[in-house]
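Enquirer: Structure file query-v9.cif (mmCIF, C-alpha atoms and all ligand atoms) is given on the next line.
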data_my_file
#
loop_
_atom_site.label_atom_id
_atom_site.label_comp_id
_atom_site.auth_asym_id
_atom_site.auth_seq_id
_atom_site.Cartn_x
_atom_site.Cartn_y
_atom_site.Cartn_z
CA MET M 456 -32.94 -8.51 10.48
CA LYS M 457 -35.41 -6.80 12.81
CA ARG M 458 -34.19 -3.80 14.71
CA ILE M 459 -35.58 -3.87 18.24
CA GLY M 460 -35.04 -1.19 20.87
CA VAL M 461 -34.81 -1.97 24.57
CA LEU M 462 -35.51 0.98 26.84
CA ALA M 463 -32.24 1.08 28.78
CA LEU M 464 -32.84 3.50 31.65
CA GLN M 465 -33.30 1.04 34.53
CA GLY M 466 -34.33 -2.55 35.22
CA ALA M 467 -33.86 -5.90 33.50
CA ILE M 468 -32.17 -4.55 30.37
CA ARG M 469 -29.32 -6.98 29.75
CA GLU M 470 -31.52 -10.09 29.86
CA HIS M 471 -33.83 -8.69 27.17
CA VAL M 472 -30.87 -7.68 25.02
CA LYS M 473 -29.37 -11.17 25.26
CA MET M 474 -32.62 -12.92 24.48
CA LEU M 475 -33.42 -10.66 21.52
CA GLU M 476 -29.91 -11.12 20.10
CA ALA M 477 -30.36 -14.87 20.41
CA LEU M 478 -33.55 -14.40 18.35
CA ASN M 479 -31.42 -12.80 15.62
CA CYS M 480 -32.52 -9.24 16.23
CA GLU M 481 -30.36 -6.17 15.98
CA VAL M 482 -30.77 -4.64 19.44
CA ILE M 483 -30.55 -0.93 20.17
CA GLN M 484 -30.33 0.17 23.81
CA VAL M 485 -32.55 3.23 23.99
CA LYS M 486 -31.26 5.98 26.26
CA HIS M 487 -31.80 9.04 24.10
CA LYS M 488 -34.31 10.22 21.55
CA LYS M 489 -31.95 9.50 18.65
CA ASP M 490 -31.91 5.81 19.60
CA LEU M 491 -35.59 5.59 18.64
CA ILE M 492 -34.94 6.17 14.95
CA ASN M 493 -35.86 3.36 12.55
CA LEU M 494 -36.90 0.80 15.14
CA ASP M 495 -39.19 -2.07 14.17
CA GLY M 496 -40.25 -2.63 17.78
CA LEU M 497 -39.51 -1.53 21.33
CA VAL M 498 -39.31 -3.47 24.60
CA LEU M 499 -40.03 -1.70 27.88
CA PRO M 500 -38.41 -3.90 30.54
CA GLY M 501 -39.38 -4.59 34.14
CA GLY M 502 -37.83 -2.68 36.99
CA GLU M 503 -39.44 0.07 39.02
CA SER M 504 -42.02 2.13 37.21
CA THR M 505 -41.78 5.27 39.35
CA THR M 506 -38.03 5.44 38.83
CA MET M 507 -38.41 4.70 35.13
CA ARG M 508 -40.97 7.48 34.78
CA LYS M 509 -38.57 9.97 36.39
CA LEU M 510 -35.84 8.91 33.99
CA LEU M 511 -38.19 9.08 30.99
CA ASP M 512 -38.91 12.69 31.95
CA ARG M 513 -35.26 13.51 32.57
CA PHE M 514 -34.16 12.11 29.21
CA ASP M 515 -37.13 13.61 27.33
CA LEU M 516 -38.30 10.20 26.16
CA LEU M 517 -41.91 10.09 27.35
CA GLU M 518 -43.48 12.06 24.50
CA PRO M 519 -41.37 10.52 21.69
CA ILE M 520 -42.21 6.99 22.87
CA ARG M 521 -45.89 7.86 23.26
CA GLU M 522 -45.96 9.26 19.71
CA LEU M 523 -44.34 6.12 18.30
CA ALA M 524 -46.90 3.95 20.10
CA GLN M 525 -49.71 6.09 18.72
CA GLN M 526 -48.22 5.76 15.24
CA GLY M 527 -48.30 1.96 15.55
CA LEU M 528 -44.77 0.93 16.54
CA PRO M 529 -45.03 -2.53 18.18
CA MET M 530 -44.13 -2.40 21.87
CA PHE M 531 -43.82 -5.03 24.57
CA GLY M 532 -44.03 -3.92 28.20
CA THR M 533 -43.00 -6.44 30.83
CA CYS M 534 -43.92 -5.84 34.47
CA ALA M 535 -42.95 -2.18 35.12
CA GLY M 536 -43.07 -1.80 31.31
CA LEU M 537 -46.74 -2.85 31.36
CA ILE M 538 -47.35 -0.20 34.03
CA LEU M 539 -45.76 2.39 31.72
CA LEU M 540 -47.98 1.38 28.76
CA ALA M 541 -51.32 1.28 30.61
CA SER M 542 -53.97 3.87 29.83
CA HIS M 543 -55.09 3.79 33.48
CA LEU M 544 -53.48 2.82 36.76
CA VAL M 545 -55.30 2.03 39.97
CA ASP M 546 -54.09 4.63 42.53
CA ASP M 547 -51.64 6.41 40.20
CA GLU M 548 -51.47 8.74 37.22
CA ALA M 549 -50.86 6.90 33.94
CA HIS M 550 -47.47 7.28 32.21
CA LEU M 551 -47.45 6.60 28.45
CA ALA M 552 -51.21 5.91 28.58
CA VAL M 553 -51.35 4.10 25.22
CA MET M 554 -52.60 0.56 25.95
CA ASP M 555 -56.30 0.20 26.67
CA VAL M 556 -55.98 -1.57 30.04
CA ILE M 557 -56.38 -0.72 33.71
CA VAL M 558 -53.37 -1.93 35.68
CA ALA M 559 -52.97 -2.44 39.41
CA ARG M 560 -49.42 -2.44 40.82
CA ASN M 561 -47.92 -4.90 43.29
CA SER M 562 -50.72 -7.43 42.95
CA PHE M 563 -48.82 -10.54 43.99
CA GLY M 564 -47.07 -9.58 47.22
CA ARG M 565 -43.69 -8.05 47.97
CA GLN M 566 -40.18 -8.63 46.63
CA VAL M 567 -39.63 -11.56 49.03
CA ASP M 568 -42.76 -13.18 47.63
CA SER M 569 -41.28 -13.44 44.12
CA PHE M 570 -42.17 -16.71 42.46
CA GLU M 571 -42.07 -18.64 39.18
CA ILE M 572 -44.91 -20.50 37.50
CA GLN M 573 -45.42 -22.45 34.29
CA LEU M 574 -48.02 -21.03 31.97
CA ASP M 575 -50.06 -22.58 29.19
CA ILE M 576 -50.78 -19.84 26.68
CA PRO M 577 -52.90 -21.20 23.81
CA LYS M 578 -51.52 -18.70 21.27
CA ILE M 579 -47.88 -19.28 22.30
CA GLY M 580 -47.20 -22.65 23.90
CA ILE M 581 -47.36 -24.81 27.01
CA ASP M 582 -45.21 -24.88 30.16
CA ILE M 583 -43.78 -21.41 29.61
CA PRO M 584 -41.94 -20.22 32.72
CA ALA M 585 -42.87 -16.80 34.08
CA VAL M 586 -41.13 -14.98 36.95
CA PHE M 587 -43.21 -12.63 39.12
CA ILE M 588 -41.41 -9.91 41.10
CA ARG M 589 -43.73 -7.44 42.82
CA ALA M 590 -45.80 -7.90 39.73
CA PRO M 591 -48.75 -5.83 38.55
CA HIS M 592 -51.88 -7.32 36.97
CA ILE M 593 -54.40 -6.13 34.41
CA LYS M 594 -57.67 -5.38 36.18
CA ALA M 595 -59.74 -4.62 33.10
CA VAL M 596 -59.29 -4.42 29.33
CA GLY M 597 -60.86 -2.36 26.58
CA LYS M 598 -63.00 -4.03 23.92
CA ASN M 599 -60.22 -4.47 21.36
CA VAL M 600 -57.80 -6.04 23.81
CA GLU M 601 -57.12 -9.75 23.56
CA ILE M 602 -56.53 -11.56 26.85
CA LEU M 603 -53.72 -14.09 26.34
CA ALA M 604 -53.12 -15.45 29.84
CA GLU M 605 -54.55 -15.36 33.35
CA TYR M 606 -53.27 -16.62 36.68
CA GLU M 607 -55.41 -16.96 39.81
CA GLY M 608 -58.22 -15.15 38.02
CA LYS M 609 -56.00 -12.17 37.18
CA ILE M 610 -55.08 -11.12 33.65
CA ILE M 611 -51.30 -11.30 33.25
CA LEU M 612 -50.74 -11.13 29.48
CA ALA M 613 -52.76 -9.16 26.96
CA ARG M 614 -52.48 -7.63 23.53
CA ASP M 615 -53.95 -4.36 22.32
CA ASN M 616 -53.23 -4.54 18.57
CA HIS M 617 -49.52 -3.63 18.29
CA LEU M 618 -49.05 -3.36 22.07
CA LEU M 619 -48.28 -6.40 24.22
CA GLY M 620 -48.09 -6.28 28.00
CA CYS M 621 -47.36 -8.86 30.68
CA SER M 622 -47.22 -8.85 34.48
CA PHE M 623 -44.15 -11.00 34.76
CA HIS M 624 -40.54 -11.25 33.54
CA PRO M 625 -40.30 -13.56 30.51
CA GLU M 626 -36.62 -12.65 30.02
CA LEU M 627 -35.41 -14.02 33.38
CA THR M 628 -35.93 -17.60 32.26
CA GLY M 629 -34.22 -19.67 29.59
CA ASP M 630 -37.39 -19.74 27.51
CA SER M 631 -37.72 -17.12 24.80
CA ARG M 632 -41.13 -18.09 23.37
CA ILE M 633 -42.99 -15.00 24.57
CA LEU M 634 -40.36 -12.61 23.19
CA GLU M 635 -40.34 -14.69 20.03
CA TYR M 636 -44.13 -14.29 19.78
CA PHE M 637 -43.66 -10.51 20.03
CA VAL M 638 -40.89 -10.38 17.46
CA SER M 639 -42.30 -12.86 14.97
CA SER M 640 -46.02 -12.14 15.05
CA MET M 641 -46.23 -8.48 16.01
CA VAL M 642 -43.10 -6.73 14.73
N1 LIG X 701 -43.78 -3.23 41.26
C1 LIG X 701 -42.94 -2.61 40.28
C2 LIG X 701 -43.47 -1.23 39.91
O1 LIG X 701 -44.50 -0.85 40.35
C3 LIG X 701 -42.81 -3.45 39.04
C4 LIG X 701 -42.03 -4.67 39.38
C5 LIG X 701 -41.25 -5.25 38.23
O2 LIG X 701 -41.09 -4.67 37.16
N2 LIG X 701 -40.69 -6.40 38.50
O3 LIG X 701 -42.81 -0.56 39.18
#
Turn this file's structure into structure tokens for me.
Expert:
Amino acid sequence: MKRIGVLALQGAIREHVKMLEALNCEVIQVKHKKDLINLDGLVLPGGESTTMRKLLDRFDLLEPIRELAQQGLPMFGTCAGLILLASHLVDDEAHLAVMDVIVARNSFGRQVDSFEIQLDIPKIGIDIPAVFIRAPHIKAVGKNVEILAEYEGKIILARDNHLLGCSFHPELTGDSRILEYFVSSMV
């Protein structure tokens, strides 16, 4: 059984936990450094990246998570989680700065403009629902980054070796194929 951590400081935690448990993972809610021991993978959920960054600092988790990413632990950042992973942010200082992408925040309008689309992702499947809530997008990728999905000309899902990042919330739908892709082909 794979042991997957979900960063549990703020944001859409419960939905990831439920979906990962349904995929037969042992799920650890990560709030302290000790929760990072012996993980096979880590999910950084969506929420609000500025708040999450403050909490990462307060709980002394920024450096330990960065080190694990540098050592090759598979990580999946969704929405605010993608913002945390990015090596560069437009208009902001980077946070974990481990994934070779430039990310722009709030690229699809405000909270009231939240929307859902169906995505065809050749590597994963067709008609995959994706929920966008004040979502970021990936403006540019480094040479080893694989672009997995785009929407309206904007990159919204990409993989940098063991790091996966998406603009949207895959866990707020009933469709677990993107999380399953992370767990089964990256972890
Ligand atoms: N716009 C948010 C931020 O900058 C991310 C939104 C989300 O995770 N749904 O943190």
Enquirer: Per residue of chain M within 8 Å of ligand LIG 701 (chain X), what are the shortest atom pair and its distance in Å to one decimal, counting only C-alpha atoms and all ligand atoms, with rows by chain and residue number, as a Markdown table?
Expert:
| residue | atom | partner | partner_atom | distance |
| --- | --- | --- | --- | --- |
| M:Gly466 | CA | X:LIG701 | O2 | 7.3 |
| M:Pro500 | CA | X:LIG701 | O2 | 7.2 |
| M:Gly501 | CA | X:LIG701 | O2 | 3.5 |
| M:Gly502 | CA | X:LIG701 | O2 | 3.8 |
| M:Glu503 | CA | X:LIG701 | O3 | 3.4 |
| M:Ser504 | CA | X:LIG701 | O3 | 3.4 |
| M:Thr505 | CA | X:LIG701 | O3 | 5.9 |
| M:Thr506 | CA | X:LIG701 | O3 | 7.7 |
| M:Met507 | CA | X:LIG701 | O3 | 8.0 |
| M:Thr533 | CA | X:LIG701 | O2 | 6.8 |
| M:Cys534 | CA | X:LIG701 | O2 | 4.1 |
| M:Ala535 | CA | X:LIG701 | O2 | 3.7 |
| M:Gly536 | CA | X:LIG701 | O2 | 6.8 |
| M:Ile538 | CA | X:LIG701 | O3 | 6.9 |
| M:Arg560 | CA | X:LIG701 | O1 | 5.2 |
| M:Asn561 | CA | X:LIG701 | N1 | 4.9 |
| M:Phe587 | CA | X:LIG701 | N2 | 6.7 |
| M:Ile588 | CA | X:LIG701 | N2 | 4.4 |
| M:Arg589 | CA | X:LIG701 | N1 | 4.5 |
| M:Ala590 | CA | X:LIG701 | C4 | 5.0 |
| M:Pro591 | CA | X:LIG701 | N1 | 6.2 |
| M:Ser622 | CA | X:LIG701 | O2 | 7.9 |
| M:Phe623 | CA | X:LIG701 | N2 | 6.9 |
| M:His624 | CA | X:LIG701 | N2 | 6.9 |
Enquirer: Please indicate the distance in Å from atom CA of M:Phe514 to atom CA of M:Asn479, rounded to one decimal place.
Expert: 28.5 Å
Enquirer: Rounded to one decimal, what separation in Å do you get between atom CA of M:Glu476 and atom CA of M:Leu499?
Expert: 15.9 Å
Enquirer: Residues within 7 Å of M:Gln484, please, as a list in words. Count only C-alpha atoms; anything in the same chain fewer than 6 positions from it doesn't count.
Expert: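 The contact residues come out as Gly460, Val461, Leu462 and Ala463 of chain M.
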Enquirer: Which residues of stretch 486-520 of chain M have any atom within 12 Å of an atom in stretch 603-618 of chain M when counting all atoms listed in the file, and what is the closest pair of atoms for each, with the distance in Å to one decimal? Order the rows by chain and rising number and write it as a tab-separated table.
Expert:
residue	atom	partner	partner_atom	distance
M:Asp495	CA	M:His617	CA	11.2
M:Gly496	CA	M:His617	CA	9.3
M:Leu497	CA	M:Leu618	CA	9.7
M:Val498	CA	M:Leu618	CA	10.1
M:Leu499	CA	M:Leu618	CA	10.9
Enquirer: Please indicate the distance in Å from atom CA of M:Ile576 to atom CA of M:Gly532, rounded to one decimal place.
Expert: 17.4 Å
Enquirer: Which of these, M:Val638, M:Ile593, M:Leu574, M:Ala585, has the shortest distance to M:Met456 once you count only C-alpha atoms?
Expert: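 Comparing M:Val638, M:Ile593, M:Leu574, M:Ala585 against M:Met456, the winner is M:Val638.
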Enquirer: Rank M:Ala559, M:Leu464, M:Ile459, M:Leu478 by their smallest atom-to-atom distance to M:Arg632, using only C-alpha atoms, and report the top residue only.
Expert: M:Leu478
Enquirer: Could you pull stretch 522-544 of chain M out of the structure I just pasted and write it to a file containing N, CA and C atoms, as a PDB file, in the first residue's frame?
Expert:
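Dumped to out-v9.pdb:
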ATOM      1  N   GLU M 522      13.541  19.927   0.671  1.00  0.00           N
ATOM      2  CA  GLU M 522      14.594  18.900   0.621  1.00  0.00           C
ATOM      3  C   GLU M 522      14.064  17.587   0.054  1.00  0.00           C
ATOM      4  N   LEU M 523      12.865  17.201   0.489  1.00  0.00           N
ATOM      5  CA  LEU M 523      12.291  15.949  -0.026  1.00  0.00           C
ATOM      6  C   LEU M 523      12.062  16.036  -1.533  1.00  0.00           C
ATOM      7  N   ALA M 524      11.596  17.180  -1.995  1.00  0.00           N
ATOM      8  CA  ALA M 524      11.387  17.354  -3.448  1.00  0.00           C
ATOM      9  C   ALA M 524      12.724  17.255  -4.171  1.00  0.00           C
ATOM     10  N   GLN M 525      13.742  17.868  -3.600  1.00  0.00           N
ATOM     11  CA  GLN M 525      15.068  17.817  -4.243  1.00  0.00           C
ATOM     12  C   GLN M 525      15.643  16.403  -4.237  1.00  0.00           C
ATOM     13  N   GLN M 526      15.242  15.619  -3.226  1.00  0.00           N
ATOM     14  CA  GLN M 526      15.729  14.235  -3.156  1.00  0.00           C
ATOM     15  C   GLN M 526      14.916  13.295  -4.053  1.00  0.00           C
ATOM     16  N   GLY M 527      13.823  13.807  -4.654  1.00  0.00           N
ATOM     17  CA  GLY M 527      13.085  12.992  -5.608  1.00  0.00           C
ATOM     18  C   GLY M 527      11.749  12.453  -5.130  1.00  0.00           C
ATOM     19  N   LEU M 528      11.252  12.913  -3.983  1.00  0.00           N
ATOM     20  CA  LEU M 528       9.930  12.437  -3.541  1.00  0.00           C
ATOM     21  C   LEU M 528       8.866  12.951  -4.522  1.00  0.00           C
ATOM     22  N   PRO M 529       8.013  12.068  -5.063  1.00  0.00           N
ATOM     23  CA  PRO M 529       6.969  12.532  -5.972  1.00  0.00           C
ATOM     24  C   PRO M 529       5.994  13.475  -5.258  1.00  0.00           C
ATOM     25  N   MET M 530       5.679  14.579  -5.907  1.00  0.00           N
ATOM     26  CA  MET M 530       4.735  15.541  -5.325  1.00  0.00           C
ATOM     27  C   MET M 530       3.752  15.992  -6.385  1.00  0.00           C
ATOM     28  N   PHE M 531       2.526  16.249  -5.943  1.00  0.00           N
ATOM     29  CA  PHE M 531       1.477  16.737  -6.840  1.00  0.00           C
ATOM     30  C   PHE M 531       0.894  18.006  -6.234  1.00  0.00           C
ATOM     31  N   GLY M 532       1.094  19.120  -6.904  1.00  0.00           N
ATOM     32  CA  GLY M 532       0.552  20.401  -6.438  1.00  0.00           C
ATOM     33  C   GLY M 532      -0.659  20.784  -7.261  1.00  0.00           C
ATOM     34  N   THR M 533      -1.798  20.982  -6.596  1.00  0.00           N
ATOM     35  CA  THR M 533      -3.005  21.379  -7.315  1.00  0.00           C
ATOM     36  C   THR M 533      -3.324  22.821  -6.951  1.00  0.00           C
ATOM     37  N   CYS M 534      -3.473  23.644  -7.965  1.00  0.00           N
ATOM     38  CA  CYS M 534      -3.877  25.051  -7.794  1.00  0.00           C
ATOM     39  C   CYS M 534      -2.893  25.798  -6.879  1.00  0.00           C
ATOM     40  N   ALA M 535      -3.270  26.156  -5.647  1.00  0.00           N
ATOM     41  CA  ALA M 535      -2.295  26.823  -4.775  1.00  0.00           C
ATOM     42  C   ALA M 535      -1.059  25.938  -4.572  1.00  0.00           C
ATOM     43  N   GLY M 536      -1.242  24.621  -4.613  1.00  0.00           N
ATOM     44  CA  GLY M 536      -0.103  23.694  -4.482  1.00  0.00           C
ATOM     45  C   GLY M 536       0.881  23.833  -5.636  1.00  0.00           C
ATOM     46  N   LEU M 537       0.346  24.083  -6.845  1.00  0.00           N
ATOM     47  CA  LEU M 537       1.219  24.346  -8.003  1.00  0.00           C
ATOM     48  C   LEU M 537       2.016  25.633  -7.768  1.00  0.00           C
ATOM     49  N   ILE M 538       1.337  26.634  -7.209  1.00  0.00           N
ATOM     50  CA  ILE M 538       2.018  27.916  -6.917  1.00  0.00           C
ATOM     51  C   ILE M 538       3.165  27.670  -5.931  1.00  0.00           C
ATOM     52  N   LEU M 539       2.934  26.807  -4.961  1.00  0.00           N
ATOM     53  CA  LEU M 539       3.994  26.503  -3.979  1.00  0.00           C
ATOM     54  C   LEU M 539       5.186  25.808  -4.645  1.00  0.00           C
ATOM     55  N   LEU M 540       4.923  24.920  -5.594  1.00  0.00           N
ATOM     56  CA  LEU M 540       6.017  24.146  -6.221  1.00  0.00           C
ATOM     57  C   LEU M 540       6.877  24.974  -7.190  1.00  0.00           C
ATOM     58  N   ALA M 541       6.264  25.973  -7.830  1.00  0.00           N
ATOM     59  CA  ALA M 541       6.904  26.663  -8.961  1.00  0.00           C
ATOM     60  C   ALA M 541       8.260  27.276  -8.621  1.00  0.00           C
ATOM     61  N   SER M 542       9.186  27.168  -9.580  1.00  0.00           N
ATOM     62  CA  SER M 542      10.506  27.786  -9.375  1.00  0.00           C
ATOM     63  C   SER M 542      10.417  29.304  -9.494  1.00  0.00           C
ATOM     64  N   HIS M 543       9.451  29.787 -10.290  1.00  0.00           N
ATOM     65  CA  HIS M 543       9.285  31.239 -10.433  1.00  0.00           C
ATOM     66  C   HIS M 543       7.808  31.589 -10.469  1.00  0.00           C
ATOM     67  N   LEU M 544       7.482  32.716  -9.850  1.00  0.00           N
ATOM     68  CA  LEU M 544       6.121  33.242  -9.911  1.00  0.00           C
ATOM     69  C   LEU M 544       6.175  34.614 -10.574  1.00  0.00           C
TER      70      LEU M 544
END
